[in-house]
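For reference, the structure is listed below as structure tokens.
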Amino acid sequence: MLRAILSVLFSVLLGCATQAASEAEWRACRSGEPDDRLNACSRIIDAGALSASDRTQALHNRAIAHQAKGLYDRVIADTTAAIRLQPNLAELYWSRGRAHSYKKAYDLAIRDYDQAIKLNPGYASAFNN
């Protein structure tokens, strides 16, 4: 009986520690230095078992970190993967459009900015590019 109680208690404590680490990973993925953000977001993505919304958020946050480092092909890859999961988010098209613009692929950038505006006509950032 004591062994069963200890087993349950250990499982609960282990679950709490795992949840806390996950919250810390999400905090690092949402903000911070680009390298820290890249690492945290990659760990979250690689761990799997995410909802489409959470995976999209982790991919987009990682794309933002890639953008800060000038890794535009990686921005395009992550935002494209995020768009496949949630194609109605204007911010994803804007982020990918910026990467295309930095690569001087202006036709692709304009296409993405147009899609961002179509999805959210009030999205001012898309008009500024």
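Quick note on naming: the chains in the structure tokens go A, B, ... in the order shown, residues restart at 1 in each chain, and ligands are numbered from 1 in order of appearance.
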**Request:** Find the spatial neighbours of segment 59-67 of chain A, counting only C-alpha atoms, within a cut-off of 9 Å - ignore same-chain residues fewer than 4 positions away - and output them as a PyMOL selection string.
**Result:** chain A and resi 29-31+33-42+45+54-55+71-79+81-82+91-92+95-96+98-99
Would you write out those residues with C-alpha atoms, as an mmCIF file, in the first residue's frame?
data_model
loop_
_atom_site.group_PDB
_atom_site.id
_atom_site.type_symbol
_atom_site.label_atom_id
_atom_site.label_comp_id
_atom_site.auth_asym_id
_atom_site.auth_seq_id
_atom_site.Cartn_x
_atom_site.Cartn_y
_atom_site.Cartn_z
ATOM 1 C CA CYS A 29 10.494 30.263 -27.199
ATOM 2 C CA ARG A 30 8.305 33.373 -27.039
ATOM 3 C CA SER A 31 11.031 35.867 -26.199
ATOM 4 C CA GLU A 33 17.873 36.212 -27.466
ATOM 5 C CA PRO A 34 17.648 34.606 -30.916
ATOM 6 C CA ASP A 35 19.858 31.620 -30.040
ATOM 7 C CA ASP A 36 17.927 30.891 -26.843
ATOM 8 C CA ARG A 37 14.655 31.285 -28.714
ATOM 9 C CA LEU A 38 15.811 28.993 -31.528
ATOM 10 C CA ASN A 39 16.885 26.291 -29.103
ATOM 11 C CA ALA A 40 13.737 26.440 -26.985
ATOM 12 C CA CYS A 41 11.380 26.480 -29.960
ATOM 13 C CA SER A 42 13.259 23.619 -31.618
ATOM 14 C CA ILE A 45 8.782 21.309 -31.947
ATOM 15 C CA ASP A 54 0.901 25.336 -30.460
ATOM 16 C CA ARG A 55 3.029 23.911 -33.254
ATOM 17 C CA LEU A 71 18.566 33.068 -41.944
ATOM 18 C CA TYR A 72 15.845 33.817 -44.454
ATOM 19 C CA ASP A 73 15.565 30.367 -46.046
ATOM 20 C CA ARG A 74 14.836 28.970 -42.584
ATOM 21 C CA VAL A 75 12.255 31.694 -41.986
ATOM 22 C CA ILE A 76 10.547 30.668 -45.204
ATOM 23 C CA ALA A 77 10.663 26.979 -44.268
ATOM 24 C CA ASP A 78 9.202 27.510 -40.793
ATOM 25 C CA THR A 79 6.508 29.945 -41.878
ATOM 26 C CA ALA A 81 5.148 24.772 -42.342
ATOM 27 C CA ALA A 82 3.097 26.989 -40.020
ATOM 28 C CA GLU A 91 1.058 37.266 -39.521
ATOM 29 C CA LEU A 92 2.524 34.104 -41.034
ATOM 30 C CA SER A 95 6.700 37.059 -41.851
ATOM 31 C CA ARG A 96 7.313 34.928 -44.904
ATOM 32 C CA ARG A 98 9.557 39.843 -45.202
ATOM 33 C CA ALA A 99 11.975 36.955 -45.685
#
**Complete:** Taken to one decimal, the atom CA of Gln57 of chain A-atom CA of Leu89 of chain A distance is 10.7 Å
**A:Ala68, A:Leu108, A:Ala116, A:Ala24 ranked by distance to Ile83 of chain A, top pick (using only C-alpha atoms)** =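 Smallest distance to Ile83 of chain A is found for A:Ala116.
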**Request:** List every residue of segment 31-69 of chain A that DSSP, applied to the backbone of this structure, places in alpha helix (DSSP H), and write the result as a PyMOL selection string.
**Result:** chain A and resi 34-47+52-68
